[in-house]
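The file model_38.txt contains compact mmCIF, C-alpha atoms:
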```
# COMPACT_ATOMS: atom_id res chain seq x y z
CA MET A 137 -68.54 38.81 -140.97
CA ASN A 138 -66.68 40.15 -137.95
CA CYS A 139 -65.25 38.25 -134.96
CA GLU A 140 -68.26 38.98 -132.76
CA GLN A 141 -70.65 37.41 -135.28
CA VAL A 142 -68.35 34.46 -135.90
CA LYS A 143 -67.90 33.80 -132.17
CA ASP A 144 -71.41 32.36 -131.82
CA LEU A 145 -71.10 30.34 -135.03
CA LEU A 146 -67.85 28.55 -134.22
CA SER A 147 -69.49 25.87 -132.09
CA PRO A 148 -72.14 24.90 -134.70
CA TYR A 149 -69.39 25.19 -137.34
CA LEU A 150 -67.42 22.56 -135.47
CA ASP A 151 -70.51 20.33 -135.21
CA ASP A 152 -71.45 20.85 -138.86
CA GLN A 153 -74.75 22.46 -137.96
CA LEU A 154 -74.54 25.55 -140.19
CA THR A 155 -76.19 26.25 -143.53
CA ALA A 156 -73.90 26.15 -146.58
CA HIS A 157 -73.91 29.95 -146.78
CA GLU A 158 -73.04 30.41 -143.09
CA ARG A 159 -70.37 27.77 -143.30
CA GLN A 160 -68.73 29.49 -146.27
CA SER A 161 -68.77 32.85 -144.48
CA VAL A 162 -67.15 31.38 -141.37
CA THR A 163 -64.52 29.57 -143.44
CA ASN A 164 -63.65 32.82 -145.21
CA HIS A 165 -63.34 34.62 -141.90
CA LEU A 166 -61.16 31.89 -140.40
CA GLN A 167 -58.69 32.19 -143.27
CA LEU A 168 -58.05 35.79 -142.24
CA CYS A 169 -58.51 35.80 -138.45
CA GLU A 170 -55.96 34.18 -136.16
CA ILE A 171 -57.93 34.86 -132.99
CA CYS A 172 -61.02 32.98 -134.16
CA ASN A 173 -58.79 30.21 -135.47
CA ALA A 174 -57.21 29.87 -132.03
CA VAL A 175 -60.68 29.65 -130.46
CA LEU A 176 -61.66 26.90 -132.87
CA VAL A 177 -58.47 24.98 -132.11
CA ASP A 178 -59.26 25.31 -128.40
CA TYR A 179 -62.80 24.03 -128.92
CA ARG A 180 -61.46 20.95 -130.72
CA ARG A 181 -58.92 20.35 -127.97
CA PHE A 182 -61.48 20.74 -125.19
CA ASP A 183 -63.93 18.41 -126.92
CA ALA A 184 -61.19 15.78 -127.06
CA LEU A 185 -60.27 16.39 -123.40
CA LEU A 186 -63.88 16.05 -122.28
CA ALA A 187 -64.42 12.91 -124.36
CA ARG A 188 -61.29 11.34 -122.79
CA LEU A 189 -62.23 12.29 -119.24
CA PRO A 190 -61.72 9.09 -117.21
CA ARG A 191 -64.90 7.36 -116.16
CA LEU A 192 -65.35 6.81 -112.44
CA SER A 193 -67.10 3.72 -111.15
CA PRO A 194 -69.99 4.14 -108.76
CA HIS A 195 -69.44 2.74 -105.28
CA PRO A 196 -70.77 -0.81 -104.98
CA LEU A 197 -73.95 -1.21 -102.98
CA SER A 198 -72.68 -2.47 -99.64
CA PRO A 199 -75.29 -3.56 -97.07
CA GLY A 200 -73.86 -1.20 -94.43
CA LYS A 201 -74.43 1.80 -96.64
CA LEU A 202 -77.89 0.76 -97.72
CA VAL A 203 -79.78 1.69 -94.56
CA GLY A 204 -81.67 4.91 -95.05
CA SER A 205 -80.38 5.56 -98.54
CA SER A 206 -82.34 5.48 -101.75
CA ALA A 207 -80.20 2.52 -102.78
CA SER A 208 -82.02 0.41 -100.19
CA LEU A 209 -85.32 1.24 -101.84
CA LEU A 210 -83.89 0.37 -105.23
CA VAL A 211 -82.71 -3.00 -103.95
CA TYR A 212 -86.02 -3.70 -102.25
CA GLU A 213 -88.09 -2.75 -105.21
CA THR A 214 -86.09 -4.44 -107.90
CA GLN A 215 -84.80 -7.60 -106.26
CA PRO A 216 -86.94 -10.70 -106.63
CA VAL A 217 -87.03 -12.83 -103.50
CA GLN A 218 -85.40 -16.25 -103.50
CA GLU A 219 -87.65 -19.26 -102.96
CA GLU A 220 -85.79 -20.30 -99.82
CA THR A 221 -86.13 -16.93 -98.11
CA PRO A 222 -88.17 -17.79 -94.99
CA THR A 223 -89.90 -14.43 -94.76
CA ALA A 224 -90.90 -14.43 -98.40
CA ARG A 225 -94.57 -14.23 -99.10
CA VAL A 226 -96.08 -14.66 -102.52
CA ARG A 227 -98.01 -11.64 -103.63
CA SER A 228 -101.62 -12.45 -104.22
CA THR A 229 -102.00 -9.24 -106.19
CA PRO A 230 -99.36 -7.37 -108.20
CA ALA A 231 -97.50 -4.49 -106.57
CA TYR A 232 -98.89 -1.00 -107.14
CA HIS A 233 -96.23 -0.17 -109.69
CA VAL A 234 -96.60 -3.39 -111.61
CA SER A 235 -99.27 -3.92 -114.22
CA SER A 236 -101.76 -6.65 -113.62
CA THR A 237 -100.68 -8.94 -116.43
CA SER A 238 -100.41 -12.59 -115.51
CA LYS A 239 -96.66 -12.56 -116.27
CA ARG A 240 -96.12 -10.46 -113.18
CA ASN A 241 -97.36 -13.00 -110.69
CA TYR A 242 -93.85 -14.24 -110.07
CA TYR A 243 -93.07 -11.00 -108.26
CA ARG A 244 -92.48 -11.57 -104.63
CA CYS A 245 -92.06 -9.17 -101.84
CA ARG A 246 -89.25 -9.38 -99.31
CA TYR A 247 -90.40 -6.76 -96.93
CA PRO A 248 -93.63 -6.81 -94.95
CA GLN A 249 -96.46 -5.00 -96.66
CA PRO A 250 -98.61 -2.69 -94.52
CA GLN A 251 -102.08 -4.21 -94.18
CA LYS A 252 -104.77 -2.09 -95.69
CA LYS A 253 -107.20 -1.02 -92.98
CA THR A 254 -110.75 -1.84 -93.94
CA VAL A 255 -113.09 0.76 -92.47
CA PRO A 256 -116.82 -0.11 -92.54
CA THR A 257 -118.75 1.98 -95.01
CA TRP A 258 -121.21 3.23 -92.37
CA ILE A 259 -118.28 4.99 -90.69
CA THR A 260 -116.84 6.40 -93.84
CA THR A 261 -120.22 7.66 -95.05
CA ILE A 262 -120.93 9.57 -91.81
CA PRO A 263 -119.07 12.84 -92.03
CA TRP A 264 -116.88 12.23 -88.96
CA LYS A 265 -114.01 13.60 -90.84
CA ASN A 266 -115.71 16.97 -91.15
CA LYS A 267 -113.89 18.66 -88.30
CA ARG A 268 -116.37 21.50 -87.82
CA LEU A 269 -119.35 19.15 -87.62
CA PHE A 270 -117.46 16.86 -85.26
CA ASN A 271 -116.68 19.81 -82.96
CA SER A 272 -120.32 20.95 -82.99
CA LEU A 273 -121.52 17.46 -82.12
CA THR A 274 -118.99 17.19 -79.29
CA LEU A 275 -120.10 20.55 -77.91
CA LEU A 276 -123.76 19.54 -78.09
CA GLY A 277 -122.99 16.28 -76.29
CA LEU A 278 -121.09 18.07 -73.53
CA LEU A 279 -123.92 20.61 -73.09
CA THR A 280 -126.51 17.80 -72.82
CA LEU A 281 -124.40 15.96 -70.26
CA GLY A 282 -123.84 19.16 -68.31
CA PHE A 283 -127.53 20.02 -68.21
CA SER A 284 -128.45 16.46 -67.16
CA LEU A 285 -126.00 16.58 -64.25
CA PHE A 286 -127.24 20.07 -63.30
CA TYR A 287 -130.81 18.80 -63.31
CA ILE A 288 -130.12 15.63 -61.33
CA TYR A 289 -127.88 17.09 -58.65
CA TYR A 290 -129.21 20.66 -58.32
CA LEU A 291 -132.64 21.44 -59.77
CA ARG A 292 -134.38 18.21 -58.80
CA PRO A 293 -133.35 18.13 -55.10
CA LYS A 294 -133.97 21.86 -54.71
CA TYR A 295 -137.50 22.02 -56.18
CA HIS A 296 -138.43 18.38 -55.37
CA LEU A 297 -139.03 17.80 -58.94
CA ARG A 298 -139.94 14.31 -59.80
CA ILE A 299 -141.68 12.53 -62.54
CA PRO A 300 -145.39 12.24 -61.65
CA SER A 301 -146.78 8.75 -61.35
CA SER A 302 -149.68 7.58 -63.50
CA LYS A 303 -152.14 7.68 -60.54
CA GLU A 304 -151.47 11.37 -59.88
CA ILE A 305 -152.16 12.20 -63.50
CA MET B 826 -84.39 -11.52 -113.34
CA VAL B 827 -86.67 -8.52 -112.86
CA ARG B 828 -88.36 -7.51 -116.07
CA VAL B 829 -90.08 -4.20 -116.52
CA GLU B 830 -92.61 -3.86 -119.28
CA THR B 831 -93.88 -0.80 -121.06
CA LYS B 832 -97.08 -1.12 -123.01
CA GLU B 833 -95.22 -2.76 -125.90
CA ASN B 834 -91.68 -3.57 -124.82
CA SER B 835 -90.12 -5.68 -122.15
CA TRP B 836 -86.88 -4.66 -120.50
CA SER B 837 -84.62 -6.41 -118.08
CA PHE B 838 -84.01 -3.91 -115.34
CA GLU B 839 -80.69 -5.51 -114.41
CA GLN B 840 -79.48 -5.07 -117.96
CA ILE B 841 -80.58 -1.44 -118.02
CA TYR B 842 -78.89 -0.84 -114.67
CA ASP B 843 -75.65 -2.57 -115.65
CA GLU B 844 -75.47 -0.78 -118.97
CA TYR B 845 -76.25 2.71 -117.75
CA LYS B 846 -75.09 2.91 -114.13
CA THR B 847 -71.53 4.05 -114.91
CA PRO B 848 -72.37 6.65 -117.59
CA ILE B 849 -75.28 8.00 -115.53
CA TYR B 850 -73.09 8.09 -112.42
CA ASN B 851 -70.34 10.02 -114.25
CA TYR B 852 -72.84 12.41 -115.77
CA VAL B 853 -74.45 13.09 -112.40
CA TYR B 854 -71.05 13.37 -110.73
CA HIS B 855 -69.97 16.07 -113.19
CA LEU B 856 -73.24 17.91 -112.61
CA VAL B 857 -73.09 17.89 -108.81
CA GLY B 858 -69.31 17.60 -108.24
CA ASP B 859 -69.59 15.24 -105.26
CA ARG B 860 -69.01 11.48 -105.49
CA GLU B 861 -71.17 10.40 -102.56
CA GLN B 862 -74.05 12.56 -103.63
CA ALA B 863 -73.63 11.27 -107.18
CA ASP B 864 -73.94 7.72 -105.82
CA ASP B 865 -77.20 8.55 -104.14
CA LEU B 866 -78.58 10.52 -107.05
CA THR B 867 -77.74 7.69 -109.44
CA GLN B 868 -79.78 5.30 -107.27
CA ASP B 869 -82.58 7.87 -107.18
CA THR B 870 -82.52 8.08 -110.96
CA PHE B 871 -82.85 4.32 -111.39
CA LEU B 872 -85.51 4.09 -108.71
CA LYS B 873 -87.59 6.72 -110.51
CA ALA B 874 -86.97 4.97 -113.81
CA PHE B 875 -88.01 1.60 -112.38
CA ARG B 876 -91.24 3.04 -111.05
CA ALA B 877 -92.10 5.00 -114.20
CA LEU B 878 -91.04 2.53 -116.87
CA PRO B 879 -94.24 0.43 -116.92
CA LYS B 880 -96.23 3.58 -117.71
CA MET B 881 -94.10 4.59 -120.68
CA ASP B 882 -95.19 3.95 -124.25
CA ALA B 883 -93.53 1.82 -126.90
CA ASN B 884 -91.47 4.44 -128.74
CA LEU B 885 -89.53 5.39 -125.63
CA LYS B 886 -85.92 6.44 -126.24
CA LEU B 887 -84.54 4.78 -123.18
CA SER B 888 -81.15 6.46 -123.00
CA ALA B 889 -82.44 10.02 -123.53
CA TRP B 890 -85.23 9.33 -121.05
CA LEU B 891 -82.82 8.04 -118.37
CA TYR B 892 -80.53 11.04 -118.81
CA ARG B 893 -83.53 13.31 -118.54
CA ILE B 894 -84.45 11.78 -115.19
CA ALA B 895 -80.81 12.04 -114.10
CA THR B 896 -80.62 15.69 -115.15
CA ASN B 897 -83.79 16.63 -113.28
CA THR B 898 -82.69 14.69 -110.21
CA ALA B 899 -79.31 16.44 -110.21
CA TYR B 900 -80.88 19.87 -110.76
CA ASP B 901 -83.22 19.27 -107.81
CA ALA B 902 -80.24 18.35 -105.64
CA LEU B 903 -78.33 21.45 -106.75
CA ARG B 904 -81.36 23.60 -105.99
CA ARG B 905 -81.64 22.08 -102.50
CA ARG B 906 -77.91 22.59 -101.97
CA LYS B 907 -78.26 26.27 -102.86
CA LEU B 908 -81.07 26.59 -100.33
CA ILE B 909 -78.99 25.18 -97.48
CA ALA B 910 -75.64 26.59 -98.59
CA TRP B 911 -75.70 29.26 -95.86
CA LEU B 912 -75.76 26.72 -93.05
CA PRO B 913 -72.56 26.94 -91.00
CA TRP B 914 -72.25 23.18 -90.46
CA GLN B 915 -72.13 22.43 -94.18
CA ASP B 916 -70.03 19.33 -94.82
CA LEU B 917 -66.95 20.70 -96.49
CA ASP B 918 -65.20 17.33 -96.61
CA HIS B 919 -67.06 16.46 -99.74
CA GLU B 920 -66.73 19.79 -101.46
CA PRO B 921 -64.40 20.01 -104.43
CA ALA B 922 -60.85 21.00 -103.63
CA ASP B 923 -60.19 24.69 -103.28
CA VAL B 924 -59.66 25.78 -106.85
CA GLU B 925 -58.51 29.21 -105.79
CA SER B 926 -55.28 27.98 -104.26
CA ALA B 927 -52.03 29.52 -105.42
CA ASP B 928 -50.87 27.29 -108.23
CA PRO B 929 -53.55 25.06 -109.71
CA GLN B 930 -51.06 23.38 -112.05
CA GLU B 931 -49.38 21.86 -109.01
CA ILE B 932 -52.64 20.66 -107.52
CA TYR B 933 -54.40 19.51 -110.63
CA GLY B 934 -53.45 17.50 -113.63
CA THR B 935 -55.27 18.24 -116.86
CA THR B 936 -58.15 15.99 -115.80
CA GLU B 937 -58.65 17.92 -112.59
CA ILE B 938 -58.53 21.25 -114.43
CA VAL B 939 -61.19 19.94 -116.81
CA ARG B 940 -63.35 18.85 -113.86
CA ALA B 941 -62.83 22.14 -112.03
CA ALA B 942 -63.69 24.13 -115.18
CA LEU B 943 -66.85 22.04 -115.58
CA ARG B 944 -67.86 22.74 -111.99
CA ARG B 945 -67.60 26.47 -112.56
CA MET B 946 -69.87 26.48 -115.60
CA PRO B 947 -73.60 27.28 -115.44
CA GLN B 948 -75.39 23.96 -114.86
CA GLN B 949 -77.56 23.93 -117.99
CA TYR B 950 -74.56 24.55 -120.27
CA ARG B 951 -72.57 21.94 -118.38
CA ALA B 952 -75.28 19.34 -118.96
CA ALA B 953 -75.44 20.07 -122.69
CA LEU B 954 -71.66 19.93 -123.10
CA LEU B 955 -71.37 16.67 -121.17
CA LEU B 956 -74.15 15.01 -123.14
CA TYR B 957 -72.53 16.04 -126.41
CA THR B 958 -68.88 15.30 -125.68
CA GLN B 959 -69.03 12.49 -123.13
CA GLU B 960 -72.20 10.63 -124.06
CA GLY B 961 -72.08 11.31 -127.80
CA PHE B 962 -75.67 12.54 -127.96
CA SER B 963 -76.95 14.22 -131.12
CA TYR B 964 -78.51 17.67 -131.04
CA SER B 965 -82.02 16.18 -131.14
CA GLU B 966 -81.24 13.78 -128.28
CA ILE B 967 -79.88 16.64 -126.18
CA ALA B 968 -83.00 18.66 -126.99
CA HIS B 969 -85.17 15.73 -125.85
CA THR B 970 -83.11 15.15 -122.71
CA LEU B 971 -82.98 18.77 -121.58
CA ASN B 972 -86.51 19.49 -122.79
CA ILE B 973 -85.46 22.38 -125.05
CA ALA B 974 -85.72 23.13 -128.77
CA GLU B 975 -82.96 22.00 -131.12
CA SER B 976 -82.10 25.63 -131.89
CA GLY B 977 -81.66 26.02 -128.15
CA VAL B 978 -79.12 23.20 -128.12
CA LYS B 979 -77.02 25.10 -130.68
CA MET B 980 -77.02 28.14 -128.42
CA TYR B 981 -76.40 26.08 -125.25
CA LEU B 982 -73.40 24.32 -126.77
CA SER B 983 -71.97 27.55 -128.10
CA ARG B 984 -72.26 29.24 -124.69
CA ALA B 985 -71.01 26.09 -122.98
CA ARG B 986 -67.84 25.98 -125.06
CA GLN B 987 -67.21 29.67 -124.52
CA SER B 988 -67.73 29.32 -120.79
CA PHE B 989 -65.61 26.18 -120.54
CA ARG B 990 -62.77 27.80 -122.49
CA GLU B 991 -62.88 30.87 -120.26
CA HIS B 992 -62.74 28.84 -117.03
CA TYR B 993 -60.19 26.36 -118.31
CA ARG B 994 -57.87 29.16 -119.45
CA SER B 995 -58.28 30.92 -116.15
CA LEU B 996 -57.42 27.77 -114.18
CA GLU B 997 -54.55 26.86 -116.50
CA GLN B 998 -52.99 30.26 -116.00
CA GLY B 999 -53.39 30.00 -112.25
CA GLY B 1000 -56.15 32.60 -111.92
CA GLY B 1001 -58.94 32.02 -109.44
CA THR B 1002 -61.79 33.98 -110.89
CA LYS B 1003 -65.14 32.65 -109.80
```

Could you write out this file's structure as structure tokens?
Amino acid sequence: MNCEQVKDLLSPYLDDQLTAHERQSVTNHLQLCEICNAVLVDYRRFDALLARLPRLSPHPLSPGKLVGSSASLLVYETQPVQEETPTARVRSTPAYHVSSTSKRNYYRCRYPQPQKKTVPTWITTIPWKNKRLFNSLTLLGLLTLGFSLFYIYYLRPKYHLRIPSSKEI
Amino acid sequence: MVRVETKENSWSFEQIYDEYKTPIYNYVYHLVGDREQADDLTQDTFLKAFRALPKMDANLKLSAWLYRIATNTAYDALRRRKLIAWLPWQDLDHEPADVESADPQEIYGTTEIVRAALRRMPQQYRAALLLYTQEGFSYSEIAHTLNIAESGVKMYLSRARQSFREHYRSLEQGGGTK
């Protein structure tokens, strides 16, 4: 084995992830090659350095920093409301992310829930939401209104049009 | 106490949060290199976990799963940062210190050189190296966390160590190669 081949095997060699044959070949190479030995020593040293890297503590969740951050959502979603909280309202149904097992009924919500708008079915079944159809209907309505006005204020006075009475018929 | 239940298990979310917040925060911090952003991304990670946990099945490996969420959240943030990196009003106050200054030995102790070398590594190798050395994950746990094959982990760690060694040496000797 040459250095180039051993280079990619040094990391799994260090982690004991090589087959017995590969391991033996790398060991043989390391006995002869100072460069690869130095790399292996470095890898051990860097592993130790990384493992000893001091751990930083996350900043505590202060109320001033909560506004607008995802932390506020986390607090809202995970914090059960105290009994004495005046704005607390008991959920009648579990939250959307909570399963409907009876154990979950102690969940309370601190923040006001948006009321679900109940739209009558006769509105939802009529295709108002079809934009093209809605536009066509609007146009038809405007044309009807326009013709009615044209008839009442122009055609009828000009040609003395009127609805015949029953005696004339 | 808020309890979150999967189909078979019951977890106390406070316990999960208390146990994992510091390791997840450190992991995310080393991925993104910014403490404030790491704070926010850690909260994001736990928020996603809290929402998704009830849907998970019984044989969930909680730690690998949390780190997976953290990794994806950090990668998304890094991707967004790359997209807006050209903006002139980028907040440089929170960027890592200028690692190309004349004598890094004077600016950094060993810890800072390690952190600076980590920041210069490709992100996927950095994640694998951190999970292995800092969190003590096995190859299979890293594979599960990073969503790659175990043979891929071997390659990732090998490249990660090579890359880390290269950058660390360069910083130690005072070079500023990027």

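Once B:Gly977 and its same-chain neighbours fewer than 2 positions away are set aside, Pro148 of chain A; Gln949, Tyr950, Ala953, Tyr964, Ser965, Ile967, Ala968, His969, Leu971, Asn972, Ile973, Ala974, Glu975, Lys979, Met980, Tyr981, Leu982, Ser983, Arg984 and Ala985 of chain B remain within 12 Å of it when counting all atoms listed in the file.
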
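Across the structure, atom CA of A:Tyr149 and atom CA of A:Leu176 are spaced 9.1 Å apart.
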
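Ranking B:Asp882, B:Asp865, B:Glu991, B:Glu997 by their shortest atom-to-atom distance to chain A, with only C-alpha atoms included, puts B:Asp865 first.
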
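Between atom CA of B:Val978 and atom CA of B:Thr867 lies a distance of 24.3 Å.
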
- Kindly determine which residues of chain B lie within 6 Å of chain A, considering only C-alpha atoms, and give the answer as JSON, numbers by chain. {"B": [847, 868, 869, 872, 958, 959, 983]}

What separates atom CA of A:Leu285 and atom CA of A:Ser272 is a distance of 20.1 Å

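A search radius of 9 Å centred on (-82.5, 9.1, -118.4), applied to only C-alpha atoms, returns the residues Tyr845, Ile849, Thr870, Phe871, Ala874, Lys886, Leu887, Ser888, Ala889, Trp890, Leu891, Tyr892, Arg893, Ile894, Ala895, Thr896 and Thr970 of chain B.
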